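Participant: This structure is in structure tokens; I'll ask about it shortly.
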Amino acid sequence: MTFKKLTEQRYSVRSYTDEPVSEEQISYILECARLAPSAVNYQPWHFYVVAKEEDKKKLQMCYDREWFRTAPMYIICCIRHDEEWVRKYDGKPHGNIDIAIATEHICLAAAELGLGTCWVCNFNSSLCRQTFSIPENESPAVLIPLGHPSQDAEHKAKNRKSTDEIVTIL
């Protein structure tokens with residue numbers, strides 16, 4: 001499959017079957033995240049895999065949506081702020097950029113395997129940190145539900161701006 005085809009195939013899945021994700025699949029996905037590029041190769045991330053039923057229920061309190069409960073597992077993607085690169089010219093930290101790259105590697109690797117994901121950023125990060133005893137140097141940035149899309153998972157057509165609207169050739 002070409003990269004373009006993979007990006008066309010990937011969509012936000014909001015309905016999952018109860019079929020588990022295999023250990024081989026999760027290992028492959030996390031290896032793809034590990035290989036993601038980061039500013040100055042600092043790799044300021046940490047991933048928490050949430051698969052036990054009691055922990056899933058705890059995470060669901062941080063983002064209380066019915067569709068979210070259908071996922072068989074989750075990945076909490078965190079930024080390690082004490083490890084992120086900061087641009088010296090303006091003090092801009094790059095942890096948000098780095099975690100976004102690694103998280104999208106997770107999503108694309110999952111899509112390659114026929115699995116579904118959805119970026120969830122609108123969650124109670126303080127409750128997440130407290131519930132899972134996430135260290136102070138880390139910030140939960142994104143929750144990724146992960147699983148096999150259900151047959152009735154809505155797959156909306158991609159509505160993207162044209163290249164002319166987003167690119168200026170200098």
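Ligands are numbered from 1 in the order shown, chains are lettered A, B, ... in the order of the structure tokens, and residues start at 1 in each chain.
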Would you kindly return, as a tab-separated table (two decimals) with N, CA and C atoms, in the first residue's frame, each protein, DNA or RNA residue with an atom no farther than 12 Å from any atom of region 8-11 of chain A, considering only C-alpha atoms and excluding same-chain residues fewer than 4 positions away?

Facilitator:
```tsv
chain	number	residue	atom	x	y	z
A	1	MET	N	0.85	-1.18	0.00
A	1	MET	CA	0.00	0.00	0.00
A	1	MET	C	0.89	1.24	0.00
A	2	THR	N	0.53	2.23	-0.79
A	2	THR	CA	1.29	3.47	-0.81
A	2	THR	C	0.96	4.27	0.45
A	3	PHE	N	1.83	5.20	0.79
A	3	PHE	CA	1.58	6.05	1.95
A	3	PHE	C	0.32	6.87	1.76
A	4	LYS	N	0.12	7.38	0.55
A	4	LYS	CA	-1.08	8.16	0.27
A	4	LYS	C	-2.33	7.32	0.49
A	15	SER	N	-16.53	3.46	16.90
A	15	SER	CA	-17.32	2.27	17.22
A	15	SER	C	-16.43	1.05	16.96
A	104	GLU	N	0.54	10.15	15.68
A	104	GLU	CA	0.07	9.83	14.32
A	104	GLU	C	0.76	8.59	13.78
A	105	HIS	N	1.99	8.33	14.19
A	105	HIS	CA	2.62	7.05	13.82
A	105	HIS	C	1.79	5.89	14.39
A	106	ILE	N	1.29	6.04	15.60
A	106	ILE	CA	0.42	5.02	16.21
A	106	ILE	C	-0.82	4.82	15.34
A	107	CYS	N	-1.45	5.91	14.98
A	107	CYS	CA	-2.70	5.84	14.21
A	107	CYS	C	-2.49	5.24	12.83
A	108	LEU	N	-1.42	5.62	12.17
A	108	LEU	CA	-1.16	5.08	10.83
A	108	LEU	C	-0.73	3.62	10.89
A	109	ALA	N	0.05	3.24	11.89
A	109	ALA	CA	0.44	1.83	12.04
A	109	ALA	C	-0.80	0.97	12.30
A	110	ALA	N	-1.70	1.48	13.14
A	110	ALA	CA	-2.94	0.76	13.41
A	110	ALA	C	-3.77	0.61	12.13
A	111	ALA	N	-3.88	1.68	11.35
A	111	ALA	CA	-4.64	1.62	10.10
A	111	ALA	C	-4.04	0.60	9.14
A	112	GLU	N	-2.71	0.56	9.09
A	112	GLU	CA	-2.04	-0.42	8.24
A	112	GLU	C	-2.45	-1.85	8.60
A	113	LEU	N	-2.67	-2.08	9.90
A	113	LEU	CA	-3.05	-3.42	10.39
A	113	LEU	C	-4.55	-3.67	10.34
A	114	GLY	N	-5.31	-2.69	9.83
A	114	GLY	CA	-6.76	-2.83	9.76
A	114	GLY	C	-7.47	-2.48	11.05
A	115	LEU	N	-6.75	-1.84	11.97
A	115	LEU	CA	-7.32	-1.43	13.25
A	115	LEU	C	-7.76	0.02	13.18
A	116	GLY	N	-8.60	0.42	14.12
A	116	GLY	CA	-9.10	1.78	14.17
A	116	GLY	C	-8.59	2.53	15.38
A	117	THR	N	-8.52	3.85	15.22
A	117	THR	CA	-8.12	4.76	16.29
A	117	THR	C	-8.92	6.05	16.16
A	118	CYS	N	-8.81	6.89	17.16
A	118	CYS	CA	-9.40	8.22	17.10
A	118	CYS	C	-8.63	9.12	18.06
A	119	TRP	N	-8.21	10.27	17.58
A	119	TRP	CA	-7.55	11.24	18.45
A	119	TRP	C	-8.57	11.78	19.44
A	149	PRO	N	-12.51	-1.82	14.09
A	149	PRO	CA	-13.72	-1.04	13.83
A	149	PRO	C	-14.94	-1.96	13.68
A	153	ALA	N	-19.25	1.25	12.06
A	153	ALA	CA	-18.44	2.44	12.35
A	153	ALA	C	-18.59	3.44	11.20
A	154	GLU	N	-18.97	4.65	11.56
A	154	GLU	CA	-19.19	5.68	10.54
A	154	GLU	C	-17.85	6.11	9.95
A	155	HIS	N	-17.77	6.04	8.66
A	155	HIS	CA	-16.55	6.43	7.94
A	155	HIS	C	-16.91	7.59	7.03
A	156	LYS	N	-16.80	8.79	7.58
A	156	LYS	CA	-17.14	10.00	6.83
A	156	LYS	C	-16.10	10.27	5.75
A	157	ALA	N	-16.56	10.83	4.65
A	157	ALA	CA	-15.63	11.23	3.59
A	157	ALA	C	-14.72	12.34	4.13
A	158	LYS	N	-13.47	12.31	3.72
A	158	LYS	CA	-12.53	13.34	4.17
A	158	LYS	C	-12.88	14.66	3.49
A	159	ASN	N	-13.03	15.68	4.31
A	159	ASN	CA	-13.33	17.02	3.82
A	159	ASN	C	-12.09	17.87	4.12
A	160	ARG	N	-11.23	18.01	3.14
A	160	ARG	CA	-9.98	18.72	3.33
A	160	ARG	C	-9.90	19.91	2.38
```

Participant: Tell me, which residues of chain A carry DSSP strand (DSSP E or B), written as number ranges by chain?

Facilitator: A: 12, 16, 45-50, 73-80, 86, 93, 116-117, 120, 138-147, 149

Participant: Between CA of Arg129 (chain A) and CA of Ala51 (chain A), what is the spacing in Å?

Facilitator: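 Distance between the two atoms: 16.9 Å.
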
Participant: Excluding Cys78 (chain A) and residues on its chain fewer than 2 positions from it, collect all residues at most 6 Å away from it, counting only C-alpha atoms, and give them as a ChimeraX atom specification.

Facilitator: /A:45-46,138-141

Participant: Could you write out that same residue set with all heavy atoms as a CSV table (one decimal), in the first residue's frame?

Facilitator:
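Saved as result36.csv:
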```
chain,number,residue,atom,x,y,z
A,45,TRP,N,8.6,11.5,25.1
A,45,TRP,CA,7.2,10.9,25.2
A,45,TRP,C,7.2,9.7,26.1
A,45,TRP,O,8.3,9.1,26.4
A,45,TRP,CB,6.7,10.5,23.8
A,45,TRP,CG,7.7,9.8,22.9
A,45,TRP,CD1,8.4,8.6,23.2
A,45,TRP,CD2,8.2,10.3,21.6
A,45,TRP,NE1,9.2,8.3,22.1
A,45,TRP,CE2,9.1,9.3,21.2
A,45,TRP,CE3,7.9,11.4,20.9
A,45,TRP,CZ2,9.7,9.4,19.9
A,45,TRP,CZ3,8.5,11.5,19.6
A,45,TRP,CH2,9.4,10.5,19.2
A,46,HIS,N,6.1,9.3,26.5
A,46,HIS,CA,5.8,8.1,27.3
A,46,HIS,C,4.4,7.7,27.0
A,46,HIS,O,3.5,8.5,26.9
A,46,HIS,CB,6.0,8.3,28.8
A,46,HIS,CG,6.1,7.1,29.6
A,46,HIS,ND1,7.3,6.4,29.9
A,46,HIS,CD2,5.1,6.3,30.1
A,46,HIS,CE1,7.1,5.3,30.5
A,46,HIS,NE2,5.8,5.2,30.7
A,138,GLU,N,5.4,14.7,33.4
A,138,GLU,CA,4.6,14.2,32.2
A,138,GLU,C,3.2,14.9,32.1
A,138,GLU,O,2.6,15.0,33.2
A,138,GLU,CB,4.5,12.7,32.2
A,138,GLU,CG,5.8,12.0,32.1
A,138,GLU,CD,5.6,10.5,32.0
A,138,GLU,OE1,4.4,10.0,31.8
A,138,GLU,OE2,6.6,9.8,32.2
A,139,SER,N,2.8,15.2,30.9
A,139,SER,CA,1.4,15.6,30.7
A,139,SER,C,0.7,14.7,29.7
A,139,SER,O,1.2,14.5,28.6
A,139,SER,CB,1.4,17.0,30.1
A,139,SER,OG,1.9,18.0,31.0
A,140,PRO,N,-0.4,14.2,30.2
A,140,PRO,CA,-1.2,13.4,29.2
A,140,PRO,C,-1.7,14.4,28.1
A,140,PRO,O,-2.4,15.4,28.4
A,140,PRO,CB,-2.4,12.9,30.0
A,140,PRO,CG,-2.0,13.1,31.5
A,140,PRO,CD,-1.0,14.2,31.5
A,141,ALA,N,-1.4,14.1,26.9
A,141,ALA,CA,-1.7,15.0,25.8
A,141,ALA,C,-2.8,14.5,24.9
A,141,ALA,O,-3.7,15.2,24.4
A,141,ALA,CB,-0.5,15.2,24.9
```

Participant: Among chain A, which residues carry a DSSP assignment of helix (DSSP H, G or I), reported as a PyMOL selection string?

Facilitator: chain A and resi 3-9+23-34+39-41+53-60+67-70+81-83+95-112+125-131+163-166

Participant: In Å, with one decimal, what is the gap from CA of Cys121 (chain A) to CA of Thr70 (chain A)?

Facilitator: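 Going from CA of Cys121 (chain A) over to CA of Thr70 (chain A) covers 17.5 Å.
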
Participant: What's the 12 Å shell around region 81-88 of chain A, counting only C-alpha atoms, without same-chain residues fewer than 6 positions away, as an MDAnalysis selection string?

Facilitator: chainID A and resid 38:46 94:99 135:141
